[in-house]
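**Q** Input structure: entry_7.txt, which contains compact mmCIF, C-alpha atoms and all ligand atoms.
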# COMPACT_ATOMS: atom_id res chain seq x y z
CA MET I 1 0.00 0.00 0.00
CA ASN I 2 1.58 3.22 -1.21
CA GLN I 3 1.70 6.77 0.08
CA ARG I 4 -0.67 9.25 -1.52
CA THR I 5 -0.96 12.96 -2.21
CA VAL I 6 -3.59 15.12 -3.93
CA ALA I 7 -3.50 14.91 -7.73
CA ARG I 8 -3.70 18.68 -8.26
CA THR I 9 -3.84 21.95 -6.32
CA ILE I 10 -7.22 22.92 -4.90
CA ARG I 11 -8.42 26.18 -3.35
CA HIS I 12 -11.02 26.96 -0.72
CA SER I 13 -12.23 30.04 1.15
CA GLY I 14 -14.28 29.88 4.31
CA VAL I 15 -15.00 31.51 7.66
CA ALA I 16 -12.90 30.68 10.73
CA LEU I 17 -14.94 29.72 13.80
CA HIS I 18 -13.29 31.92 16.43
CA SER I 19 -11.94 34.94 14.54
CA GLY I 20 -14.93 35.06 12.17
CA ARG I 21 -12.45 36.00 9.41
CA MET I 22 -12.58 34.78 5.81
CA VAL I 23 -9.62 32.42 5.36
CA HIS I 24 -8.12 31.40 2.02
CA LEU I 25 -6.28 28.15 1.59
CA GLU I 26 -4.63 26.07 -1.09
CA ILE I 27 -3.82 22.38 -0.86
CA HIS I 28 -0.87 21.41 -3.06
CA PRO I 29 0.50 17.97 -4.01
CA SER I 30 3.79 17.05 -2.36
CA ALA I 31 6.53 14.44 -2.55
CA PRO I 32 6.61 11.11 -0.65
CA ASN I 33 7.85 11.21 2.97
CA THR I 34 7.26 14.97 3.28
CA GLY I 35 4.04 14.53 5.30
CA ILE I 36 1.37 17.17 5.81
CA ARG I 37 2.75 20.70 6.13
CA PHE I 38 0.88 23.91 6.85
CA VAL I 39 2.34 27.16 5.51
CA ARG I 40 1.30 30.56 6.91
CA THR I 41 1.37 32.60 3.69
CA ASP I 42 0.24 35.82 5.43
CA LEU I 43 3.54 36.00 7.35
CA SER I 44 6.71 37.37 5.83
CA PRO I 45 8.76 35.28 5.44
CA ASN I 46 6.20 32.45 5.15
CA ILE I 47 6.41 30.00 8.05
CA GLU I 48 6.04 26.26 7.60
CA ILE I 49 4.50 24.15 10.38
CA LYS I 50 4.78 20.39 10.13
CA ALA I 51 1.77 18.31 11.11
CA HIS I 52 3.44 16.26 13.87
CA PRO I 53 2.67 15.59 17.56
CA SER I 54 5.73 17.69 18.51
CA SER I 55 4.13 20.71 16.78
CA VAL I 56 1.10 20.73 19.12
CA PHE I 57 1.07 24.11 20.81
CA ASP I 58 -2.37 24.36 22.40
CA THR I 59 -5.46 22.14 22.74
CA THR I 60 -7.87 24.41 24.60
CA LEU I 61 -10.73 24.72 22.09
CA ALA I 62 -9.18 22.96 19.10
CA THR I 63 -5.82 21.54 18.07
CA ARG I 64 -3.35 24.32 17.40
CA LEU I 65 0.05 23.65 15.83
CA GLY I 66 3.16 25.84 15.74
CA SER I 67 4.31 28.44 18.24
CA GLU I 68 3.24 31.75 19.76
CA ALA I 69 4.84 33.54 16.79
CA ALA I 70 3.19 31.40 14.09
CA SER I 71 0.43 28.89 14.61
CA VAL I 72 -2.48 27.34 12.81
CA SER I 73 -5.53 26.22 14.75
CA THR I 74 -8.49 23.87 14.18
CA VAL I 75 -6.50 21.55 11.93
CA GLU I 76 -8.19 18.38 13.19
CA HIS I 77 -11.17 18.11 10.84
CA LEU I 78 -9.03 18.54 7.70
CA MET I 79 -6.41 16.18 9.16
CA ALA I 80 -9.18 13.60 9.70
CA ALA I 81 -10.39 13.99 6.09
CA LEU I 82 -6.82 13.57 4.79
CA TYR I 83 -6.60 10.39 6.88
CA GLY I 84 -9.95 9.11 5.53
CA LEU I 85 -8.70 9.29 1.94
CA GLY I 86 -5.25 8.01 2.89
CA ILE I 87 -3.47 11.24 1.87
CA ASP I 88 -0.08 11.26 3.62
CA ASN I 89 1.61 14.16 1.89
CA ALA I 90 0.28 17.65 1.10
CA ARG I 91 1.29 21.28 1.48
CA ILE I 92 -1.52 23.40 2.91
CA CYS I 93 -1.03 27.13 2.41
CA VAL I 94 -3.29 29.25 4.62
CA ASP I 95 -3.44 33.03 5.15
CA ALA I 96 -4.59 33.04 8.78
CA ALA I 97 -3.96 31.41 12.16
CA GLU I 98 -7.19 29.39 12.05
CA MET I 99 -8.60 26.96 9.48
CA PRO I 100 -12.08 27.50 8.04
CA ILE I 101 -14.72 25.63 10.07
CA VAL I 102 -16.82 24.69 6.97
CA ASP I 103 -19.97 22.94 8.28
CA GLY I 104 -18.27 21.74 11.48
CA SER I 105 -17.73 18.24 10.06
CA ALA I 106 -15.17 16.67 7.70
CA VAL I 107 -17.56 16.18 4.76
CA PRO I 108 -16.74 19.44 2.90
CA TRP I 109 -13.02 18.63 3.27
CA LEU I 110 -13.52 15.12 1.93
CA ILE I 111 -15.43 16.52 -1.06
CA LEU I 112 -12.72 19.11 -1.72
CA LEU I 113 -9.94 16.50 -1.52
CA ASP I 114 -11.91 14.12 -3.71
CA GLU I 115 -12.34 16.89 -6.31
CA ALA I 116 -8.55 17.22 -6.41
CA GLY I 117 -8.22 13.45 -6.73
CA VAL I 118 -5.86 11.08 -4.97
CA GLU I 119 -2.48 10.25 -6.48
CA ASP I 120 -0.48 7.12 -5.68
CA LEU I 121 3.14 8.17 -5.11
CA GLY I 122 4.64 4.72 -5.71
CA VAL I 123 6.45 4.70 -2.35
CA ALA I 124 5.40 2.28 0.41
CA ARG I 125 3.41 3.59 3.36
CA SER I 126 4.36 2.85 6.97
CA VAL I 127 2.06 1.95 9.84
CA ARG I 128 2.50 2.03 13.61
CA VAL I 129 1.71 -1.37 15.10
CA ILE I 130 0.93 -1.41 18.82
CA LYS I 131 2.80 -4.15 20.73
CA LYS I 132 1.98 -3.15 24.33
CA PRO I 133 -0.74 -0.95 25.86
CA VAL I 134 -0.03 2.77 26.13
CA GLU I 135 -2.29 4.92 28.33
CA VAL I 136 -2.67 8.60 29.05
CA VAL I 137 -4.81 9.71 32.01
CA CYS I 138 -5.84 13.31 32.62
CA PRO I 139 -3.78 14.60 35.58
CA HIS I 140 -6.68 16.77 36.81
CA ASP I 141 -9.52 14.25 36.35
CA PRO I 142 -8.54 10.55 36.49
CA SER I 143 -11.91 9.52 35.00
CA ARG I 144 -10.74 10.95 31.65
CA PHE I 145 -8.34 8.71 29.75
CA ILE I 146 -7.23 7.37 26.37
CA ARG I 147 -5.49 4.05 25.87
CA ILE I 148 -4.31 1.99 22.93
CA GLU I 149 -3.91 -1.78 23.07
CA PRO I 150 -2.61 -4.39 20.64
CA SER I 151 -5.39 -5.59 18.33
CA LYS I 152 -5.74 -7.79 15.24
CA GLU I 153 -7.30 -4.85 13.41
CA PRO I 154 -7.47 -1.09 13.99
CA ARG I 155 -10.48 -0.33 16.22
CA ILE I 156 -11.80 2.45 18.41
CA THR I 157 -14.14 2.47 21.41
CA TYR I 158 -15.07 5.97 22.52
CA SER I 159 -17.44 7.02 25.28
CA ILE I 160 -18.64 10.41 26.50
CA GLU I 161 -20.69 11.43 29.52
CA PHE I 162 -22.46 14.77 29.81
CA LYS I 163 -24.28 14.36 33.13
CA ASN I 164 -25.76 17.88 33.04
CA ASN I 165 -27.01 17.63 29.50
CA ALA I 166 -29.77 15.11 28.89
CA LEU I 167 -29.70 15.47 25.10
CA ILE I 168 -26.02 14.49 24.83
CA GLY I 169 -26.05 12.23 27.90
CA SER I 170 -23.86 9.11 27.78
CA GLN I 171 -22.89 7.78 24.36
CA SER I 172 -20.48 5.01 23.42
CA LEU I 173 -19.45 3.60 20.07
CA THR I 174 -17.04 0.88 18.94
CA LEU I 175 -16.08 0.50 15.31
CA SER I 176 -13.32 -0.81 13.14
CA LEU I 177 -11.13 2.09 12.17
CA THR I 178 -10.51 2.19 8.44
CA GLY I 179 -10.38 4.95 5.86
CA ARG I 180 -13.70 3.67 4.56
CA SER I 181 -15.38 3.54 7.99
CA PHE I 182 -14.23 7.12 8.61
CA CYS I 183 -15.83 8.33 5.36
CA GLU I 184 -19.00 6.29 5.88
CA ALA I 185 -19.70 6.52 9.59
CA LEU I 186 -17.85 9.51 11.03
CA SER I 187 -17.06 12.24 8.50
CA HIS I 188 -20.55 13.82 8.68
CA ALA I 189 -20.54 14.30 12.48
CA ARG I 190 -20.41 18.00 13.38
CA THR I 191 -18.67 19.80 16.18
CA PHE I 192 -20.93 20.61 19.15
CA CYS I 193 -21.12 22.86 22.15
CA THR I 194 -23.61 24.01 24.74
CA ALA I 195 -25.42 27.36 24.54
CA GLU I 196 -23.68 28.31 27.81
CA GLU I 197 -20.28 27.66 26.19
CA VAL I 198 -21.28 29.88 23.25
CA ASP I 199 -22.14 32.74 25.65
CA PHE I 200 -18.82 32.28 27.46
CA MET I 201 -16.78 32.15 24.24
CA ARG I 202 -18.57 35.22 22.81
CA SER I 203 -17.86 37.14 26.03
CA ARG I 204 -14.17 36.46 25.40
CA GLY I 205 -14.34 37.55 21.74
CA LEU I 206 -14.33 33.96 20.45
CA ALA I 207 -16.78 31.96 18.27
CA ARG I 208 -17.35 35.08 16.12
CA GLY I 209 -17.78 32.91 13.03
CA GLY I 210 -19.89 30.35 14.88
CA SER I 211 -23.49 29.71 13.82
CA LEU I 212 -26.02 26.92 13.63
CA GLU I 213 -24.63 26.38 10.09
CA ASN I 214 -21.30 25.14 11.45
CA ALA I 215 -21.98 23.65 14.89
CA ILE I 216 -24.56 21.75 16.86
CA VAL I 217 -25.66 23.90 19.78
CA VAL I 218 -27.43 22.31 22.74
CA SER I 219 -29.20 24.43 25.33
CA ARG I 220 -29.89 23.05 28.80
CA THR I 221 -33.34 24.62 28.80
CA GLN I 222 -34.35 24.56 25.11
CA GLY I 223 -32.62 21.37 23.91
CA LEU I 224 -31.22 21.25 20.38
CA LEU I 225 -31.15 24.70 18.75
CA ASN I 226 -30.49 23.41 15.21
CA SER I 227 -33.93 23.18 13.60
CA ALA I 228 -32.83 20.53 11.08
CA GLY I 229 -31.98 18.14 13.92
CA LEU I 230 -29.04 15.79 14.26
CA ARG I 231 -27.35 13.87 11.44
CA ALA I 232 -27.27 10.78 13.71
CA PRO I 233 -28.69 10.18 17.22
CA ASP I 234 -25.11 9.65 18.46
CA GLU I 235 -23.56 12.42 16.35
CA PHE I 236 -21.78 13.72 19.49
CA VAL I 237 -19.64 10.62 20.13
CA ARG I 238 -19.06 10.24 16.38
CA HIS I 239 -17.61 13.76 16.29
CA LYS I 240 -15.34 12.95 19.23
CA ILE I 241 -13.99 9.97 17.26
CA LEU I 242 -13.54 12.24 14.22
CA ASP I 243 -11.48 14.61 16.38
CA CYS I 244 -9.43 11.70 17.75
CA ILE I 245 -8.66 10.43 14.22
CA GLY I 246 -7.66 13.95 13.16
CA ASP I 247 -5.35 14.32 16.18
CA LEU I 248 -3.73 10.89 15.74
CA ALA I 249 -3.26 11.69 12.03
CA LEU I 250 -0.49 14.03 13.24
CA LEU I 251 1.62 10.86 13.51
CA GLY I 252 1.80 10.71 9.70
CA THR I 253 1.04 6.98 9.65
CA PRO I 254 -2.04 4.93 10.48
CA VAL I 255 -1.99 3.20 13.88
CA SER I 256 -2.93 -0.46 14.18
CA GLY I 257 -4.32 -1.07 17.65
CA HIS I 258 -7.52 -0.70 19.68
CA ILE I 259 -8.03 2.85 20.95
CA ILE I 260 -10.20 3.10 24.06
CA ALA I 261 -11.12 6.61 25.16
CA HIS I 262 -13.44 7.93 27.87
CA LYS I 263 -14.35 11.63 28.16
CA ALA I 264 -11.17 12.42 26.21
CA GLY I 265 -10.48 15.50 24.13
CA HIS I 266 -7.74 17.18 22.11
CA ASP I 267 -5.45 17.31 25.18
CA LEU I 268 -5.50 13.52 25.66
CA HIS I 269 -5.63 12.63 21.93
CA THR I 270 -2.50 14.67 21.23
CA ALA I 271 -0.78 13.37 24.40
CA LEU I 272 -1.33 9.82 23.09
CA ALA I 273 0.00 10.89 19.67
CA LYS I 274 3.15 12.19 21.41
CA ALA I 275 3.54 8.90 23.30
CA LEU I 276 3.33 6.94 20.03
CA ALA I 277 5.59 9.20 17.97
CA GLU I 278 8.88 7.35 18.51
CA PRO I 279 9.41 3.60 18.06
CA SER I 280 9.60 1.75 21.42
CA ASP I 281 8.81 -1.64 22.90
CA ALA I 282 5.15 -0.62 22.60
CA VAL I 283 5.25 0.85 19.08
CA GLU I 284 6.76 -0.75 15.99
CA ILE I 285 6.88 1.22 12.74
CA LYS I 286 6.38 -1.21 9.85
CA THR I 287 6.45 -0.61 6.12
CA ILE I 288 3.41 -2.02 4.36
CA ALA I 289 4.41 -4.01 1.29
CA SER I 290 2.80 -2.66 -1.86
CA GLY I 291 1.99 -4.21 -5.20
CA ARG I 292 -0.44 -6.96 -6.02
CA THR I 293 0.04 -9.00 -2.89
CA ARG I 294 -1.56 -6.58 -0.48
CA THR I 295 -0.84 -7.45 3.11
CA SER I 296 -3.63 -8.03 5.58
CA LEU I 297 -2.61 -4.79 7.30
CA GLY I 298 -3.01 -2.88 4.03
CA ARG I 299 -6.46 -4.42 3.55
CA GLN I 300 -7.47 -3.60 7.12
CA LEU I 301 -6.68 0.11 6.69
CA ASP I 302 -8.95 0.15 3.64
CA PHE I 303 -8.45 3.65 2.24
CA PRO I 304 -10.91 4.25 -0.61
CA ALA I 305 -9.44 5.50 -3.91
CA SER I 306 -12.28 8.01 -4.20
CA LEU I 307 -15.53 9.01 -2.52
CA ALA I 308 -17.42 7.35 -5.39
CA GLU I 309 -16.75 4.07 -3.52
CA ILE I 310 -18.74 5.32 -0.50
CA PRO I 311 -22.50 4.80 -0.95
CA GLN I 312 -23.69 8.04 0.66
CA PHE I 313 -21.34 10.13 -1.49
CA SER I 314 -22.55 8.70 -4.79
CA ASP I 315 -24.99 11.65 -5.06
CA LEU I 316 -23.04 14.66 -3.80
CA SER I 317 -26.04 17.02 -4.12
CA LEU I 318 -27.75 15.04 -1.35
CA VAL I 319 -24.69 15.22 0.89
CA THR I 320 -24.11 18.95 0.55
CA GLY I 321 -27.77 20.06 0.16
ZN ZN E 401 -13.96 18.72 16.21
Starting from the file, lay out its structure as structure tokens.

**A**
Amino acid sequence: MNQRTVARTIRHSGVALHSGRMVHLEIHPSAPNTGIRFVRTDLSPNIEIKAHPSSVFDTTLATRLGSEAASVSTVEHLMAALYGLGIDNARICVDAAEMPIVDGSAVPWLILLDEAGVEDLGVARSVRVIKKPVEVVCPHDPSRFIRIEPSKEPRITYSIEFKNNALIGSQSLTLSLTGRSFCEALSHARTFCTAEEVDFMRSRGLARGGSLENAIVVSRTQGLLNSAGLRAPDEFVRHKILDCIGDLALLGTPVSGHIIAHKAGHDLHTALAKALAEPSDAVEIKTIASGRTRTSLGRQLDFPASLAEIPQFSDLSLVTG
């Protein structure tokens, strides 16, 4: 199974969630083994930020890469979409410190990447195989954790618990973690917050670009504020898994193991990514043989060649309408 990039350059403009600014970006093809790189084109000279666990700078409201001087925030939904289509290498030029929020899910990113097309780079892809469990527990709240264990196939079990919010409540989901399952079962899940969080963020000058068009908003007293309803009854836990995939995509390779997370978030997802970054007795980095004899690992990762292979994307007007 080979590394991939986008087949041609694509452009997109969209509003950033917190600044409310219009952001312009271009996604360019790039060479094998160069990974995903963000470039802040509004800074002179331009500053390049590698998508890697060591680049994580802040995880308060989203995953922010870089440094105080030059960062790019809210990369996780695009990173998840790149993972879903098995795109390992791309240069993402952006003229702001925050990515566009699009509709709060990864679907518009998948459609954009699919429009560009996926190119096989003819160089074998690597995968991280988990040999021993690795766990990260929140130092402030031991009930929050993320763990990865050896497994015959990549899997995830994610649970959330919102005791004060009956609509979100407790949700749990286990699924096999493949490029295809991401596109089919997770990519449409939107980011969510409570109405109280919106008030708090607005009071601090944040969420200026936020609306019911790009987030699910749940009010303790009025319930769901989005009149069109949810895209799935458990859209909340599905979005958490989407975030987790986007954060682990910073590793630059798929991970073969069983991820188990409870009440986790960007802080714990990226802490696990950091713990898996270097080879160790728990993490082996293997090259997946390419060519006709696809290995079982290559089959398990199951990255679609295009969205046309995913049933719900066969009519894009229904997806985006
Ligand atoms: Zn998210």

**Q** Using all atoms listed in the file, which of I:Ala7, I:Ala90, I:Val283, I:Ala97 sits nearest Ile47 of chain I?

**A**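 Closest residue, counting all atoms listed in the file: I:Ala97.
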
**Q** Using Å and a single decimal, report how far atom CA of Asp141 of chain I sits from atom CA of Gly252 of chain I.

**A**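 A separation of 29.2 Å between them.
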
**Q** Can you write out as CSV which residues of segment 85-104 of chain I fall within 9 Å of segment 202-224 of chain I, alongside each residue's closest atom pair and its distance in Å to one decimal, counting all atoms listed in the file and ordering rows by chain and ascending residue number?

**A**
residue,atom,partner,partner_atom,distance
I:Ile101,CA,I:Asn214,CA,6.7
I:Val102,CA,I:Asn214,CA,6.4
I:Asp103,CA,I:Asn214,CA,4.1
I:Gly104,CA,I:Asn214,CA,4.6

**Q** Write the residues of the preceding selection, restricted to C-alpha atoms, as a CSV table (one decimal), in the frame of the given file.

**A**
chain,number,residue,atom,x,y,z
I,101,ILE,CA,-14.7,25.6,10.1
I,102,VAL,CA,-16.8,24.7,7.0
I,103,ASP,CA,-20.0,22.9,8.3
I,104,GLY,CA,-18.3,21.7,11.5

**Q** For Ser172 of chain I, work out the shell of residues within 9 Å, counting only C-alpha atoms and skipping chain neighbours fewer than 6 positions away, then give it as a list in words.

**A**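 Neighbouring residues, sequence-local ones excluded: Thr157, Tyr158, Ser159, Ile160, Glu161, Asp234, Val237, Arg238 and His262 of chain I.
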
**Q** List the neighbours of Ala261 of chain I out to 9 Å using all atoms listed in the file; skip same-chain residues closer than 3 positions along the sequence, and give me the result as a list in words.

**A**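 Near neighbours after the sequence-gap exclusion: Arg144, Phe145, Ile146, Arg147, Ile148, Ile156, Thr157, Tyr158, Ser159, Ile160, Ala264, Gly265, Leu268 and His269 of chain I.
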
**Q** Counting only C-alpha atoms and all ligand atoms, which residues of chain I fall within 10 Å of ligand ZN 401 (chain E), and what is the closest atom pair for each with its distance in Å at one decimal, ordered by chain and rising number, as a Markdown table?

**A**
| residue | atom | partner | partner_atom | distance |
| --- | --- | --- | --- | --- |
| I:Leu61 | CA | E:ZN401 | ZN | 9.0 |
| I:Ala62 | CA | E:ZN401 | ZN | 7.0 |
| I:Thr63 | CA | E:ZN401 | ZN | 8.8 |
| I:Thr74 | CA | E:ZN401 | ZN | 7.8 |
| I:Val75 | CA | E:ZN401 | ZN | 9.1 |
| I:Glu76 | CA | E:ZN401 | ZN | 6.5 |
| I:His77 | CA | E:ZN401 | ZN | 6.1 |
| I:Leu78 | CA | E:ZN401 | ZN | 9.8 |
| I:Ala80 | CA | E:ZN401 | ZN | 9.6 |
| I:Ile101 | CA | E:ZN401 | ZN | 9.3 |
| I:Gly104 | CA | E:ZN401 | ZN | 7.1 |
| I:Ser105 | CA | E:ZN401 | ZN | 7.2 |
| I:Ala106 | CA | E:ZN401 | ZN | 8.8 |
| I:Ala189 | CA | E:ZN401 | ZN | 8.8 |
| I:Arg190 | CA | E:ZN401 | ZN | 7.1 |
| I:Thr191 | CA | E:ZN401 | ZN | 4.8 |
| I:Phe192 | CA | E:ZN401 | ZN | 7.8 |
| I:Ala215 | CA | E:ZN401 | ZN | 9.5 |
| I:Phe236 | CA | E:ZN401 | ZN | 9.8 |
| I:Arg238 | CA | E:ZN401 | ZN | 9.9 |
| I:His239 | CA | E:ZN401 | ZN | 6.2 |
| I:Lys240 | CA | E:ZN401 | ZN | 6.7 |
| I:Ile241 | CA | E:ZN401 | ZN | 8.8 |
| I:Leu242 | CA | E:ZN401 | ZN | 6.8 |
| I:Asp243 | CA | E:ZN401 | ZN | 4.8 |
| I:Cys244 | CA | E:ZN401 | ZN | 8.5 |
| I:Gly246 | CA | E:ZN401 | ZN | 8.5 |
| I:Asp247 | CA | E:ZN401 | ZN | 9.7 |
| I:Gly265 | CA | E:ZN401 | ZN | 9.2 |
| I:His266 | CA | E:ZN401 | ZN | 8.7 |

**Q** Would you mind telling me which residue in I:Ala51, I:Thr5, I:Val118, I:Pro150 lies nearest to Asp281 of chain I when using only C-alpha atoms?

**A**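 Selected residue with least distance to Asp281 of chain I: I:Pro150.
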
**Q** Name the residues in contact with Asn2 of chain I at a cut-off of 6 Å, using all atoms listed in the file, excluding same-chain residues fewer than 3 positions from it; report them as a list in words.

**A**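 Returned residues: Gly122, Val123, Ala124 and Arg125 of chain I.
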
**Q** With all atoms listed in the file as the basis for distance, which of I:Leu121, I:Pro233, I:Ala271, I:Ala195 is at the shortest distance from Gln3 of chain I?

**A**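 Of the candidates, the smallest distance to Gln3 of chain I is held by I:Leu121.
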
**Q** Here is a test: counting only C-alpha atoms, which residue of I:Cys138, I:Val94, I:Leu186, I:Met79 is nearest to Phe38 of chain I?

**A**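 For Phe38 of chain I, the nearest of the given residues is I:Val94.
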
**Q** One number please: atom CA of Gly35 of chain I to atom CA of Pro133 of chain I, in Å, one decimal.

**A**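 Atom CA of Pro133 of chain I lies at a distance of 26.2 Å from atom CA of Gly35 of chain I.
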
**Q** Name the closest residue to Cys93 of chain I among the candidates I:Ser44, I:Thr60, I:Arg37, I:Ala70; distances are taken between atoms, counting only C-alpha atoms.

**A**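 Checking each candidate against Cys93 of chain I, we get I:Arg37 as the closest.
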
**Q** Rounded to one decimal place, report the atom CA of Ala96 of chain I-atom CA of Val56 of chain I distance in Å.

**A** 17.1 Å

**Q** Select, counting all atoms listed in the file, all protein, DNA and RNA residues no farther than 7 Å from (-11.1, 23.9, 0.9) in file coordinates, and express the selection as a PDB file with C-alpha atoms, in the coordinates of the input.

**A**
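Generated output (part_25.pdb):
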ATOM      1  CA  ARG I  11      -8.420  26.180  -3.350  1.00  0.00           C
ATOM      2  CA  HIS I  12     -11.020  26.960  -0.720  1.00  0.00           C
ATOM      3  CA  SER I  13     -12.230  30.040   1.150  1.00  0.00           C
ATOM      4  CA  LEU I  25      -6.280  28.150   1.590  1.00  0.00           C
ATOM      5  CA  TRP I 109     -13.020  18.630   3.270  1.00  0.00           C
ATOM      6  CA  LEU I 112     -12.720  19.110  -1.720  1.00  0.00           C
TER       7      LEU I 112
END

**Q** Kindly reconstruct segment 149-163 of chain I with N, CA, C and O atoms and present the result as a PDB file, keeping the file's coordinate frame.

**A**
ATOM      1  N   GLU I 149      -4.332  -0.418  22.758  1.00  0.00           N
ATOM      2  CA  GLU I 149      -3.910  -1.780  23.070  1.00  0.00           C
ATOM      3  C   GLU I 149      -3.633  -2.534  21.781  1.00  0.00           C
ATOM      4  O   GLU I 149      -4.208  -2.191  20.750  1.00  0.00           O
ATOM      5  N   PRO I 150      -2.801  -3.572  21.844  1.00  0.00           N
ATOM      6  CA  PRO I 150      -2.610  -4.390  20.640  1.00  0.00           C
ATOM      7  C   PRO I 150      -3.946  -4.972  20.183  1.00  0.00           C
ATOM      8  O   PRO I 150      -4.819  -5.283  21.010  1.00  0.00           O
ATOM      9  N   SER I 151      -4.129  -5.084  18.871  1.00  0.00           N
ATOM     10  CA  SER I 151      -5.390  -5.590  18.330  1.00  0.00           C
ATOM     11  C   SER I 151      -5.119  -6.178  16.952  1.00  0.00           C
ATOM     12  O   SER I 151      -4.193  -5.733  16.265  1.00  0.00           O
ATOM     13  N   LYS I 152      -5.919  -7.180  16.571  1.00  0.00           N
ATOM     14  CA  LYS I 152      -5.740  -7.790  15.240  1.00  0.00           C
ATOM     15  C   LYS I 152      -6.054  -6.812  14.134  1.00  0.00           C
ATOM     16  O   LYS I 152      -5.573  -6.913  13.032  1.00  0.00           O
ATOM     17  N   GLU I 153      -6.930  -5.848  14.415  1.00  0.00           N
ATOM     18  CA  GLU I 153      -7.300  -4.850  13.410  1.00  0.00           C
ATOM     19  C   GLU I 153      -7.472  -3.503  14.105  1.00  0.00           C
ATOM     20  O   GLU I 153      -7.755  -3.459  15.303  1.00  0.00           O
ATOM     21  N   PRO I 154      -7.296  -2.395  13.360  1.00  0.00           N
ATOM     22  CA  PRO I 154      -7.470  -1.090  13.990  1.00  0.00           C
ATOM     23  C   PRO I 154      -8.928  -0.893  14.417  1.00  0.00           C
ATOM     24  O   PRO I 154      -9.848  -1.115  13.629  1.00  0.00           O
ATOM     25  N   ARG I 155      -9.119  -0.517  15.680  1.00  0.00           N
ATOM     26  CA  ARG I 155     -10.480  -0.330  16.220  1.00  0.00           C
ATOM     27  C   ARG I 155     -10.479   0.869  17.142  1.00  0.00           C
ATOM     28  O   ARG I 155      -9.437   1.272  17.664  1.00  0.00           O
ATOM     29  N   ILE I 156     -11.682   1.395  17.397  1.00  0.00           N
ATOM     30  CA  ILE I 156     -11.800   2.450  18.410  1.00  0.00           C
ATOM     31  C   ILE I 156     -13.072   2.218  19.222  1.00  0.00           C
ATOM     32  O   ILE I 156     -14.107   1.806  18.674  1.00  0.00           O
ATOM     33  N   THR I 157     -12.976   2.451  20.515  1.00  0.00           N
ATOM     34  CA  THR I 157     -14.140   2.470  21.410  1.00  0.00           C
ATOM     35  C   THR I 157     -14.086   3.807  22.129  1.00  0.00           C
ATOM     36  O   THR I 157     -13.087   4.112  22.799  1.00  0.00           O
ATOM     37  N   TYR I 158     -15.101   4.611  21.951  1.00  0.00           N
ATOM     38  CA  TYR I 158     -15.070   5.970  22.520  1.00  0.00           C
ATOM     39  C   TYR I 158     -16.347   6.169  23.311  1.00  0.00           C
ATOM     40  O   TYR I 158     -17.438   5.810  22.851  1.00  0.00           O
ATOM     41  N   SER I 159     -16.235   6.722  24.510  1.00  0.00           N
ATOM     42  CA  SER I 159     -17.440   7.020  25.280  1.00  0.00           C
ATOM     43  C   SER I 159     -17.375   8.443  25.831  1.00  0.00           C
ATOM     44  O   SER I 159     -16.284   8.954  26.122  1.00  0.00           O
ATOM     45  N   ILE I 160     -18.541   9.055  25.932  1.00  0.00           N
ATOM     46  CA  ILE I 160     -18.640  10.410  26.500  1.00  0.00           C
ATOM     47  C   ILE I 160     -19.756  10.409  27.542  1.00  0.00           C
ATOM     48  O   ILE I 160     -20.636   9.528  27.522  1.00  0.00           O
ATOM     49  N   GLU I 161     -19.724  11.369  28.420  1.00  0.00           N
ATOM     50  CA  GLU I 161     -20.690  11.430  29.520  1.00  0.00           C
ATOM     51  C   GLU I 161     -20.929  12.904  29.831  1.00  0.00           C
ATOM     52  O   GLU I 161     -20.027  13.584  30.315  1.00  0.00           O
ATOM     53  N   PHE I 162     -22.101  13.383  29.485  1.00  0.00           N
ATOM     54  CA  PHE I 162     -22.460  14.770  29.810  1.00  0.00           C
ATOM     55  C   PHE I 162     -23.617  14.700  30.806  1.00  0.00           C
ATOM     56  O   PHE I 162     -24.782  14.716  30.419  1.00  0.00           O
ATOM     57  N   LYS I 163     -23.261  14.596  32.095  1.00  0.00           N
ATOM     58  CA  LYS I 163     -24.280  14.360  33.130  1.00  0.00           C
ATOM     59  C   LYS I 163     -25.292  15.491  33.203  1.00  0.00           C
ATOM     60  O   LYS I 163     -26.458  15.271  33.533  1.00  0.00           O
TER      61      LYS I 163
END
